[in-house]
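Novice: Supplied structure: my_file22.txt, compact mmCIF, C-alpha atoms.
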```
# COMPACT_ATOMS: atom_id res chain seq x y z
CA MET A 11 -82.64 -42.28 3.02
CA TYR A 12 -83.21 -38.57 3.54
CA THR A 13 -86.05 -37.30 5.71
CA LEU A 14 -87.49 -33.95 4.63
CA TYR A 15 -89.50 -31.82 7.05
CA SER A 16 -91.63 -29.66 4.80
CA MET A 17 -94.83 -27.63 4.54
CA ARG A 18 -96.80 -28.16 1.34
CA ARG A 19 -97.66 -24.51 0.72
CA SER A 20 -94.21 -23.07 1.49
CA GLY A 21 -92.20 -21.88 -1.51
CA ASN A 22 -88.92 -22.55 0.31
CA CYS A 23 -90.01 -26.16 0.89
CA TYR A 24 -91.23 -26.50 -2.69
CA LYS A 25 -87.69 -25.77 -3.93
CA VAL A 26 -86.39 -28.88 -2.19
CA ARG A 27 -89.37 -31.07 -3.14
CA LEU A 28 -88.96 -30.01 -6.79
CA ALA A 29 -85.23 -30.79 -6.84
CA LEU A 30 -85.72 -34.16 -5.09
CA ALA A 31 -88.46 -35.10 -7.57
CA GLN A 32 -86.49 -33.94 -10.59
CA LEU A 33 -83.38 -35.79 -9.45
CA ASP A 34 -85.49 -38.83 -8.50
CA ILE A 35 -83.96 -38.99 -5.02
CA PRO A 36 -85.88 -41.22 -2.58
CA HIS A 37 -86.90 -39.54 0.67
CA GLU A 38 -89.39 -39.65 3.48
CA LEU A 39 -91.61 -36.58 3.69
CA ILE A 40 -92.87 -35.30 7.05
CA GLU A 41 -95.53 -32.63 6.71
CA ILE A 42 -95.13 -29.75 9.18
CA ASP A 43 -97.73 -27.04 9.78
CA ILE A 44 -95.93 -23.84 10.74
CA LEU A 45 -99.27 -22.11 11.31
CA LYS A 46 -99.85 -24.56 14.17
CA GLY A 47 -96.44 -23.81 15.69
CA GLU A 48 -94.95 -27.18 14.76
CA THR A 49 -91.53 -25.63 14.01
CA ARG A 50 -91.36 -24.01 17.46
CA THR A 51 -91.54 -27.16 19.61
CA PRO A 52 -88.44 -28.11 21.68
CA GLU A 53 -88.04 -31.24 19.51
CA PHE A 54 -88.00 -29.27 16.27
CA LEU A 55 -85.77 -26.49 17.65
CA ALA A 56 -83.25 -29.13 18.71
CA MET A 57 -82.97 -30.09 15.01
CA ASN A 58 -82.99 -26.51 13.68
CA PRO A 59 -82.47 -23.62 16.11
CA SER A 60 -83.91 -21.21 13.52
CA GLY A 61 -87.30 -22.92 13.75
CA HIS A 62 -87.87 -23.05 9.99
CA VAL A 63 -88.75 -25.60 7.35
CA PRO A 64 -87.49 -27.02 5.06
CA LEU A 65 -85.13 -29.17 7.10
CA LEU A 66 -83.35 -32.22 5.72
CA GLU A 67 -82.00 -35.07 7.82
CA VAL A 68 -78.96 -36.21 5.83
CA ALA A 69 -77.73 -38.84 8.32
CA PRO A 70 -79.13 -40.03 11.65
CA GLY A 71 -79.22 -36.94 13.88
CA ARG A 72 -77.49 -34.73 11.28
CA HIS A 73 -79.65 -31.99 9.74
CA VAL A 74 -79.19 -29.31 7.08
CA ALA A 75 -81.44 -26.23 7.21
CA GLU A 76 -81.97 -23.23 4.89
CA SER A 77 -83.61 -24.15 1.59
CA ASN A 78 -80.71 -23.08 -0.63
CA ALA A 79 -78.09 -24.88 1.48
CA ILE A 80 -80.24 -28.01 1.16
CA LEU A 81 -80.44 -27.53 -2.63
CA TRP A 82 -76.66 -27.19 -2.72
CA TYR A 83 -76.29 -30.39 -0.67
CA ILE A 84 -78.60 -32.62 -2.71
CA ALA A 85 -77.69 -31.31 -6.18
CA GLY A 86 -73.89 -31.69 -6.06
CA HIS A 87 -72.57 -33.90 -8.89
CA THR A 88 -75.95 -33.85 -10.69
CA PRO A 89 -76.99 -32.09 -13.93
CA LEU A 90 -78.44 -29.27 -11.77
CA PHE A 91 -74.93 -28.26 -10.70
CA PRO A 92 -72.32 -26.73 -13.03
CA ASP A 93 -68.71 -27.97 -12.94
CA ASP A 94 -66.78 -24.74 -13.31
CA ARG A 95 -65.79 -22.81 -10.18
CA ALA A 96 -66.85 -19.39 -11.53
CA ASP A 97 -70.13 -20.90 -12.80
CA ARG A 98 -70.79 -22.31 -9.34
CA ALA A 99 -70.05 -18.94 -7.75
CA GLU A 100 -72.49 -17.32 -10.21
CA MET A 101 -75.11 -19.90 -9.22
CA LEU A 102 -74.56 -19.17 -5.51
CA GLN A 103 -74.63 -15.42 -6.24
CA TRP A 104 -78.22 -15.74 -7.52
CA MET A 105 -79.16 -18.04 -4.64
CA PHE A 106 -77.97 -15.45 -2.12
CA PHE A 107 -79.77 -12.75 -4.12
CA GLU A 108 -82.92 -14.87 -3.84
CA GLN A 109 -82.74 -15.14 -0.06
CA HIS A 110 -81.74 -11.52 0.46
CA SER A 111 -83.73 -9.58 -2.15
CA LEU A 112 -86.60 -11.70 -3.49
CA GLU A 113 -87.82 -14.10 -0.81
CA PRO A 114 -88.11 -11.55 2.04
CA ASN A 115 -90.53 -9.57 -0.15
CA LEU A 116 -92.43 -12.02 -2.38
CA GLY A 117 -92.22 -14.76 0.25
CA ALA A 118 -93.51 -12.51 3.03
CA ALA A 119 -96.31 -11.14 0.81
CA TYR A 120 -97.28 -14.68 -0.23
CA PHE A 121 -97.29 -15.93 3.36
CA TRP A 122 -99.48 -13.16 4.74
CA LEU A 123 -101.77 -12.64 1.73
CA ALA A 124 -102.22 -16.21 0.52
CA LEU A 125 -101.75 -18.37 3.62
CA VAL A 126 -102.81 -16.43 6.73
CA LYS A 127 -106.51 -15.61 7.17
CA GLY A 128 -106.76 -11.88 7.83
CA GLY A 129 -103.08 -11.44 6.98
CA ARG A 130 -103.68 -8.53 4.61
CA GLU A 131 -105.15 -6.44 7.42
CA LEU A 132 -102.49 -7.54 9.93
CA GLN A 133 -99.62 -6.59 7.58
CA SER A 134 -101.10 -3.61 5.73
CA HIS A 135 -98.25 -1.41 7.02
CA ALA A 136 -95.61 -3.66 5.42
CA LEU A 137 -97.20 -4.47 2.06
CA GLU A 138 -96.06 -1.32 0.30
CA ASP A 139 -92.39 -2.03 1.19
CA TRP A 140 -92.68 -5.66 0.05
CA LEU A 141 -94.14 -4.55 -3.28
CA GLN A 142 -91.52 -1.85 -3.82
CA GLU A 143 -88.54 -4.06 -2.91
CA GLY A 144 -90.03 -7.12 -4.61
CA TYR A 145 -90.52 -5.20 -7.87
CA ARG A 146 -86.94 -3.96 -7.59
CA ALA A 147 -85.71 -7.56 -7.33
CA LEU A 148 -87.92 -8.61 -10.26
CA GLY A 149 -86.43 -5.73 -12.24
CA VAL A 150 -82.91 -7.05 -11.63
CA MET A 151 -84.05 -10.51 -12.76
CA GLU A 152 -85.78 -9.10 -15.88
CA LYS A 153 -82.61 -7.28 -16.91
CA HIS A 154 -80.46 -10.37 -16.38
CA LEU A 155 -82.84 -12.67 -18.28
CA ALA A 156 -83.27 -10.26 -21.20
CA THR A 157 -80.16 -11.80 -22.77
CA ARG A 158 -80.03 -15.21 -21.03
CA ARG A 159 -82.13 -18.35 -20.88
CA PHE A 160 -81.21 -19.28 -17.29
CA PHE A 161 -79.68 -17.52 -14.30
CA ALA A 162 -76.22 -19.06 -14.10
CA ALA A 163 -73.70 -20.96 -16.18
CA GLY A 164 -75.92 -20.79 -19.30
CA ARG A 165 -77.98 -23.74 -18.13
CA TYR A 166 -80.77 -24.87 -15.83
CA SER A 167 -79.45 -25.17 -12.27
CA ILE A 168 -80.51 -24.96 -8.65
CA ALA A 169 -80.25 -21.15 -8.96
CA ASP A 170 -83.30 -21.32 -11.25
CA ILE A 171 -85.14 -23.61 -8.83
CA ALA A 172 -84.40 -21.24 -5.95
CA LEU A 173 -85.70 -18.21 -7.85
CA TYR A 174 -88.65 -20.02 -9.44
CA ALA A 175 -90.27 -20.98 -6.12
CA TYR A 176 -91.63 -17.56 -5.14
CA THR A 177 -91.55 -15.90 -8.56
CA HIS A 178 -94.14 -18.35 -9.88
CA LEU A 179 -96.38 -17.40 -6.92
CA ALA A 180 -96.16 -13.66 -7.62
CA HIS A 181 -99.72 -13.44 -8.99
CA GLN A 182 -101.04 -14.87 -5.72
CA CYS A 183 -99.67 -12.00 -3.64
CA ASP A 184 -100.49 -8.77 -5.52
CA PHE A 185 -97.52 -8.79 -7.94
CA ASP A 186 -98.22 -8.33 -11.64
CA LEU A 187 -95.63 -9.78 -14.04
CA ALA A 188 -97.17 -8.09 -17.13
CA SER A 189 -94.17 -5.79 -17.52
CA PHE A 190 -91.62 -8.58 -16.97
CA PRO A 191 -91.72 -10.53 -20.26
CA ALA A 192 -88.27 -12.09 -19.84
CA VAL A 193 -89.21 -13.35 -16.37
CA ARG A 194 -92.45 -14.84 -17.74
CA GLY A 195 -90.58 -16.57 -20.56
CA TRP A 196 -88.10 -17.99 -18.05
CA LEU A 197 -90.94 -19.31 -15.84
CA ARG A 198 -92.26 -21.24 -18.87
CA ARG A 199 -88.78 -22.63 -19.60
CA ILE A 200 -88.47 -23.88 -16.01
CA GLU A 201 -91.88 -25.56 -16.23
CA ALA A 202 -90.79 -27.28 -19.46
CA GLN A 203 -87.76 -28.96 -17.85
CA PRO A 204 -87.89 -32.79 -17.77
CA GLY A 205 -89.32 -34.03 -14.49
CA HIS A 206 -90.74 -30.67 -13.41
CA VAL A 207 -93.48 -30.98 -10.78
CA ALA A 208 -95.96 -28.36 -9.63
CA MET A 209 -96.11 -27.07 -6.06
CA ASP A 210 -99.18 -29.19 -5.22
CA TRP A 211 -97.52 -32.37 -6.54
CA GLN A 212 -97.16 -35.20 -4.04
CA PRO A 213 -94.93 -38.28 -4.28
CA GLN A 214 -97.94 -40.60 -3.99
CA MET A 215 -99.23 -39.15 -7.29
CA ALA A 216 -96.28 -40.79 -9.01
CA ALA A 217 -96.77 -44.02 -7.06
CA ALA A 218 -100.45 -44.15 -8.05
CA GLN A 219 -99.76 -43.79 -11.76
CA MET B 3 -55.18 -10.68 -10.12
CA TYR B 4 -58.58 -10.06 -8.60
CA THR B 5 -60.14 -6.62 -8.56
CA LEU B 6 -62.42 -5.93 -5.61
CA TYR B 7 -64.98 -3.12 -5.70
CA SER B 8 -65.59 -2.34 -2.06
CA MET B 9 -66.74 0.33 0.39
CA ARG B 10 -64.59 0.66 3.49
CA ARG B 11 -67.43 0.99 6.01
CA SER B 12 -69.64 -1.77 4.59
CA GLY B 13 -69.80 -4.97 6.64
CA ASN B 14 -70.54 -7.03 3.54
CA CYS B 15 -67.37 -5.67 1.91
CA TYR B 16 -65.35 -6.19 5.09
CA LYS B 17 -66.10 -9.94 4.92
CA VAL B 18 -64.29 -10.19 1.60
CA ARG B 19 -61.42 -7.89 2.61
CA LEU B 20 -60.91 -9.93 5.78
CA ALA B 21 -60.84 -13.25 3.91
CA LEU B 22 -58.49 -11.90 1.22
CA ALA B 23 -56.13 -10.55 3.90
CA GLN B 24 -56.26 -13.71 5.99
CA LEU B 25 -55.62 -15.90 2.94
CA ASP B 26 -52.94 -13.48 1.72
CA ILE B 27 -54.52 -13.26 -1.75
CA PRO B 28 -53.21 -10.36 -3.87
CA HIS B 29 -55.90 -8.05 -5.24
CA GLU B 30 -56.54 -4.55 -6.47
CA LEU B 31 -58.97 -2.59 -4.31
CA ILE B 32 -61.30 0.00 -5.86
CA GLU B 33 -63.06 2.13 -3.28
CA ILE B 34 -66.74 2.77 -4.11
CA ASP B 35 -68.96 5.25 -2.26
CA ILE B 36 -72.51 3.96 -2.33
CA LEU B 37 -73.71 7.14 -0.59
CA LYS B 38 -72.62 9.05 -3.72
CA GLY B 39 -74.53 6.66 -6.01
CA GLU B 40 -71.39 5.04 -7.41
CA THR B 41 -73.06 1.60 -7.54
CA ARG B 42 -75.97 2.93 -9.62
CA THR B 43 -74.03 4.17 -12.63
CA PRO B 44 -74.58 2.39 -15.99
CA GLU B 45 -70.97 1.16 -15.88
CA PHE B 46 -71.37 -0.41 -12.44
CA LEU B 47 -74.82 -1.87 -13.20
CA ALA B 48 -73.34 -3.53 -16.29
CA MET B 49 -70.99 -5.42 -13.93
CA ASN B 50 -73.62 -6.13 -11.25
CA PRO B 51 -77.30 -5.59 -12.09
CA SER B 52 -78.12 -5.58 -8.36
CA GLY B 53 -76.10 -2.40 -7.89
CA HIS B 54 -74.31 -3.59 -4.77
CA VAL B 55 -70.79 -3.90 -3.44
CA PRO B 56 -68.78 -5.99 -2.82
CA LEU B 57 -68.13 -7.10 -6.37
CA LEU B 58 -65.13 -9.20 -7.40
CA GLU B 59 -63.71 -9.36 -10.91
CA VAL B 60 -62.39 -12.92 -11.13
CA ALA B 61 -61.30 -12.79 -14.78
CA PRO B 62 -61.39 -9.99 -17.35
CA GLY B 63 -65.07 -9.03 -17.70
CA ARG B 64 -66.25 -11.81 -15.36
CA HIS B 65 -67.67 -10.70 -12.01
CA VAL B 66 -69.02 -12.40 -8.91
CA ALA B 67 -71.44 -10.46 -6.69
CA GLU B 68 -73.06 -11.13 -3.28
CA SER B 69 -70.57 -11.13 -0.41
CA ASN B 70 -71.11 -14.75 0.60
CA ALA B 71 -70.83 -16.08 -2.97
CA ILE B 72 -67.53 -14.19 -3.23
CA LEU B 73 -66.34 -15.74 0.06
CA TRP B 74 -67.27 -19.16 -1.29
CA TYR B 75 -65.32 -18.45 -4.50
CA ILE B 76 -62.11 -17.22 -2.93
CA ALA B 77 -61.97 -19.66 0.00
CA GLY B 78 -62.35 -22.97 -1.85
CA HIS B 79 -59.43 -25.35 -1.17
CA THR B 80 -58.13 -23.15 1.68
CA PRO B 81 -58.16 -23.75 5.46
CA LEU B 82 -61.31 -21.59 5.65
CA PHE B 83 -63.29 -24.27 3.79
CA PRO B 84 -64.13 -27.71 5.24
CA ASP B 85 -63.70 -30.84 3.09
CA ASP B 86 -66.75 -32.85 4.03
CA ARG B 87 -69.94 -32.40 2.03
CA ALA B 88 -72.24 -32.18 5.07
CA ASP B 89 -69.80 -29.78 6.76
CA ARG B 90 -69.86 -27.57 3.67
CA ALA B 91 -73.66 -27.63 3.63
CA GLU B 92 -73.67 -26.64 7.31
CA MET B 93 -71.32 -23.76 6.47
CA LEU B 94 -73.61 -22.59 3.65
CA GLN B 95 -76.63 -22.99 5.95
CA TRP B 96 -75.20 -20.38 8.30
CA MET B 97 -74.18 -18.14 5.41
CA PHE B 98 -77.76 -18.16 4.07
CA PHE B 99 -78.99 -17.56 7.62
CA GLU B 100 -76.69 -14.55 7.78
CA GLN B 101 -78.06 -12.99 4.59
CA HIS B 102 -81.68 -13.78 5.39
CA SER B 103 -81.98 -13.26 9.15
CA LEU B 104 -79.01 -11.24 10.46
CA GLU B 105 -77.78 -8.84 7.77
CA PRO B 106 -81.19 -7.38 6.81
CA ASN B 107 -81.62 -6.30 10.45
CA LEU B 108 -78.18 -5.52 11.89
CA GLY B 109 -76.88 -4.42 8.47
CA ALA B 110 -79.82 -2.10 7.85
CA ALA B 111 -79.62 -0.66 11.37
CA TYR B 112 -75.87 -0.12 11.02
CA PHE B 113 -76.24 1.54 7.62
CA TRP B 114 -78.91 4.02 8.70
CA LEU B 115 -77.71 4.69 12.26
CA ALA B 116 -73.94 4.67 11.80
CA LEU B 117 -73.39 5.75 8.18
CA VAL B 118 -76.24 8.02 7.06
CA LYS B 119 -76.53 11.48 8.62
CA GLY B 120 -80.07 11.87 9.89
CA GLY B 121 -80.75 8.18 9.22
CA ARG B 122 -82.26 7.53 12.64
CA GLU B 123 -85.03 10.03 11.99
CA LEU B 124 -85.58 8.84 8.40
CA GLN B 125 -85.93 5.19 9.48
CA SER B 126 -87.56 5.56 12.90
CA HIS B 127 -90.56 3.51 11.69
CA ALA B 128 -88.33 0.53 10.83
CA LEU B 129 -85.93 0.46 13.77
CA GLU B 130 -88.21 -1.48 16.10
CA ASP B 131 -88.59 -4.31 13.56
CA TRP B 132 -84.82 -4.43 12.95
CA LEU B 133 -84.16 -4.68 16.67
CA GLN B 134 -86.80 -7.36 17.23
CA GLU B 135 -85.74 -9.53 14.27
CA GLY B 136 -82.04 -8.85 14.85
CA TYR B 137 -82.31 -9.96 18.48
CA ARG B 138 -84.16 -13.05 17.34
CA ALA B 139 -81.26 -13.91 14.99
CA LEU B 140 -78.71 -13.22 17.74
CA GLY B 141 -80.71 -15.56 19.99
CA VAL B 142 -80.40 -18.37 17.45
CA MET B 143 -76.65 -17.74 17.24
CA GLU B 144 -76.31 -17.66 21.05
CA LYS B 145 -78.05 -21.02 21.37
CA HIS B 146 -75.87 -22.57 18.66
CA LEU B 147 -72.63 -21.20 20.12
CA ALA B 148 -73.49 -22.24 23.69
CA THR B 149 -72.00 -25.67 22.92
CA ARG B 150 -69.72 -24.87 19.96
CA ARG B 151 -66.60 -22.82 19.32
CA PHE B 152 -67.43 -21.98 15.67
CA PHE B 153 -70.54 -22.07 13.47
CA ALA B 154 -69.83 -24.99 11.15
CA ALA B 155 -67.70 -28.10 10.90
CA GLY B 156 -66.17 -27.57 14.35
CA ARG B 157 -63.66 -25.08 12.96
CA TYR B 158 -63.14 -21.50 11.82
CA SER B 159 -64.60 -21.08 8.31
CA ILE B 160 -66.11 -18.49 5.99
CA ALA B 161 -69.41 -19.00 7.85
CA ASP B 162 -67.77 -17.32 10.86
CA ILE B 163 -66.42 -14.50 8.69
CA ALA B 164 -69.88 -13.94 7.17
CA LEU B 165 -71.55 -13.75 10.59
CA TYR B 166 -68.77 -11.76 12.25
CA ALA B 167 -69.01 -8.80 9.88
CA TYR B 168 -72.23 -7.27 11.22
CA THR B 169 -72.30 -8.96 14.64
CA HIS B 170 -69.11 -7.14 15.65
CA LEU B 171 -70.80 -3.84 14.69
CA ALA B 172 -73.89 -4.51 16.84
CA HIS B 173 -72.89 -1.96 19.50
CA GLN B 174 -72.75 0.76 16.83
CA CYS B 175 -76.41 0.36 15.92
CA ASP B 176 -78.35 0.12 19.19
CA PHE B 177 -77.85 -3.61 19.84
CA ASP B 178 -76.59 -4.66 23.27
CA LEU B 179 -74.76 -8.01 23.43
CA ALA B 180 -74.69 -8.09 27.26
CA SER B 181 -77.11 -11.03 27.37
CA PHE B 182 -75.30 -12.96 24.61
CA PRO B 183 -72.16 -14.27 26.36
CA ALA B 184 -71.55 -17.11 23.88
CA VAL B 185 -71.71 -14.66 20.97
CA ARG B 186 -69.25 -12.34 22.75
CA GLY B 187 -66.85 -15.21 23.39
CA TRP B 188 -67.07 -16.23 19.73
CA LEU B 189 -66.32 -12.65 18.58
CA ARG B 190 -63.10 -12.77 20.66
CA ARG B 191 -62.18 -16.17 19.14
CA ILE B 192 -62.61 -14.77 15.61
CA GLU B 193 -60.42 -11.77 16.47
CA ALA B 194 -57.72 -14.13 17.78
CA GLN B 195 -57.43 -16.04 14.48
CA PRO B 196 -54.04 -15.75 12.76
CA GLY B 197 -54.04 -12.93 10.21
CA HIS B 198 -57.23 -11.32 11.46
CA VAL B 199 -57.58 -7.68 10.39
CA ALA B 200 -59.98 -5.04 11.71
CA MET B 201 -62.58 -3.33 9.55
CA ASP B 202 -60.51 -0.15 9.21
CA TRP B 203 -57.42 -2.10 8.11
CA GLN B 204 -56.03 -1.18 4.71
CA PRO B 205 -53.56 -3.16 2.56
CA GLN B 206 -51.09 -0.25 2.54
CA MET B 207 -50.78 -0.66 6.33
CA ALA B 208 -49.11 -3.99 5.71
CA ALA B 209 -46.98 -2.56 2.91
CA ALA B 210 -45.78 0.27 5.17
CA GLN B 211 -44.66 -2.06 7.95
```
Kindly transcribe the structure held in the file into structure tokens.

Specialist:
Amino acid sequence: MYTLYSMRRSGNCYKVRLALAQLDIPHELIEIDILKGETRTPEFLAMNPSGHVPLLEVAPGRHVAESNAILWYIAGHTPLFPDDRADRAEMLQWMFFEQHSLEPNLGAAYFWLALVKGGRELQSHALEDWLQEGYRALGVMEKHLATRRFFAAGRYSIADIALYAYTHLAHQCDFDLASFPAVRGWLRRIEAQPGHVAMDWQPQMAAAQ
Amino acid sequence: MYTLYSMRRSGNCYKVRLALAQLDIPHELIEIDILKGETRTPEFLAMNPSGHVPLLEVAPGRHVAESNAILWYIAGHTPLFPDDRADRAEMLQWMFFEQHSLEPNLGAAYFWLALVKGGRELQSHALEDWLQEGYRALGVMEKHLATRRFFAAGRYSIADIALYAYTHLAHQCDFDLASFPAVRGWLRRIEAQPGHVAMDWQPQMAAAQ
């Protein structure tokens, strides 16, 4: 069984928790608090030299890091993964776009504005850049979604999960999606997928039902 | 035949040119000058809404963007691509690391310091952050390579190509690799791979031989 090291309020971790829930894949969840330095201990760094969650143990002593690499690992041969080679490349294209152009801006703004007490004052010099570059990324997404229901392969895939994680948190970190109607429609489509769970969902909720 | 839209002095484009050369894959090369705005024309944005090179046309009217997604597309079923699922995930892990933690720092520093006239003055406020975060990424790589010859799967793969592109340019943008001996040894191993070509290599060099 997989072991997932995860922080509940991290969008990157939510991606993996959402995919595991939607695919109904059993796993043990270990909650990590990055604000308490729990990813910078020698034990954690031995598992992931980057010092980040999420981190998935896929076999005893064998770990996969980076949220989108984990998504790729767990979703292979499932309905969240297209069959065609060019479709898969398109899916990866949007997953790299997410880590390069969206997450460093919306993710950073969310972390400092929504999670860290006093973060707005600490990062006031950076906020303008995050907003400018984040809106640029959202503009690329809006244009793409204007004529498409999902990001890649004409269907719901892990590319959508990757991009959903921080986009659905935009309103919590100073971004306004009012002028991004296609993005807002896509967010609703993702939330309507069978087995979708919210970011504050926990496995024991299902067990208690 | 593939068509690659590429800029000669871009590290992201060099990744793809290196892999195509090393795999001996025929392609047409179209030189794009991003400094002249050639990726922001309506025609280019219709092919890639992000407005970036490299961009690979894989079939008439069908394009793959993002350098590492292109590497993934062209290298499948070649010696640059491991067979095992966990090995492939490890390879992708380092490719996402590259786009998230290395390229935004070394790539940005290289672009503004080595390519743009007057860039150092324009970006003086950002350089300190690029150096700090870039050195942090290089530190993660150094630790990983201290006990390994390559980044993933115990062999040369597209993860190495992805990370090589900007790491080998570090000395051109204020980074000093003196205290990263494992990284320097790895750079030499990459350059010793059969079919390796330098960044200023051009296909007509081979044709003229």

Novice: Rank A:Arg95, A:Arg158, A:His87, A:Arg198 by their smallest atom-to-atom distance to chain B, using all atoms listed in the file, and report the top residue only.

Specialist: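 Once distances to chain B are computed over all atoms listed in the file, the minimum belongs to A:Arg95.
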
Novice: Could you write out as JSON, numbers by chain the residues of chain A within 7 Å of chain B, counting only C-alpha atoms?

Specialist: {"A": [59, 60, 74, 75, 76, 79, 83, 99, 100, 102, 103, 106, 107, 109, 110, 150]}

Novice: For a test of reading the model, state the distance in Å between CA of Gln125 (chain B) and CA of Arg130 (chain A), rounded to one decimal.

Specialist: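 So the two atoms, CA of Gln125 (chain B) and CA of Arg130 (chain A), lie 23.0 Å apart.
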
Novice: Could you tell me how far CA of Tyr24 (chain A) sits from CA of Met57 (chain A), in Å to one decimal place?

Specialist: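 CA of Tyr24 (chain A) lies 19.9 Å from CA of Met57 (chain A).
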
Novice: Residues proximal to (-81.8, -19.2, -14.2) were defined as those with any atom within 9 Å of that point in the file's coordinates, counting all atoms listed in the file. Which are they, as a list in words?

Specialist: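 Neighbouring residues, ordered by chain and number, come to Met101, Trp104, Leu155, Arg158, Arg159, Phe160, Phe161, Ala162, Ala163, Gly164, Arg165, Tyr166, Ser167, Ile168, Ala169, Asp170, Ile171, Ala172, Leu173, Tyr174, Trp196 and Ile200 of chain A.
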
Novice: Output, as AutoDock Vina command-line options, the centre and edge lengths in Å (one decimal) of the axis-aligned box that contains all listed atoms of region 74-93 of chain A with 4 Å of margin on each side.

Specialist:
```
--center_x -76.2 --center_y -28.5 --center_z -3.4 --size_x 22.9 --size_y 18.8 --size_z 29.1
```

Novice: Please compute the CA of His29 (chain B)-CA of Cys15 (chain B) distance, one decimal, in Å.

Specialist: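 Straight-line distance from CA of His29 (chain B) to CA of Cys15 (chain B) works out to 13.7 Å.
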
Novice: Using all atoms listed in the file, determine which residues lie at most 10 Å from Leu25 (chain B), disregarding the query and same-chain residues fewer than 4 positions distant; provide the list as a PyMOL selection string.

Specialist: chain B and resi 19-21+76-77+80-82+196-198

Novice: Quick one: residues within 9 Å of Leu179 (chain A), all atoms listed in the file counted, chain neighbours fewer than 4 positions away excluded, as a PDB file with C-alpha atoms, in the frame of the given file?

Specialist:
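Below is the file that was written, around-v6.pdb:
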```
ATOM      1  CA  GLY A  21     -92.200 -21.880  -1.510  1.00  0.00           C
ATOM      2  CA  LEU A 116     -92.430 -12.020  -2.380  1.00  0.00           C
ATOM      3  CA  GLY A 117     -92.220 -14.760   0.250  1.00  0.00           C
ATOM      4  CA  TYR A 120     -97.280 -14.680  -0.230  1.00  0.00           C
ATOM      5  CA  TYR A 174     -88.650 -20.020  -9.440  1.00  0.00           C
ATOM      6  CA  ALA A 175     -90.270 -20.980  -6.120  1.00  0.00           C
ATOM      7  CA  CYS A 183     -99.670 -12.000  -3.640  1.00  0.00           C
ATOM      8  CA  PHE A 185     -97.520  -8.790  -7.940  1.00  0.00           C
TER       9      PHE A 185
END
```
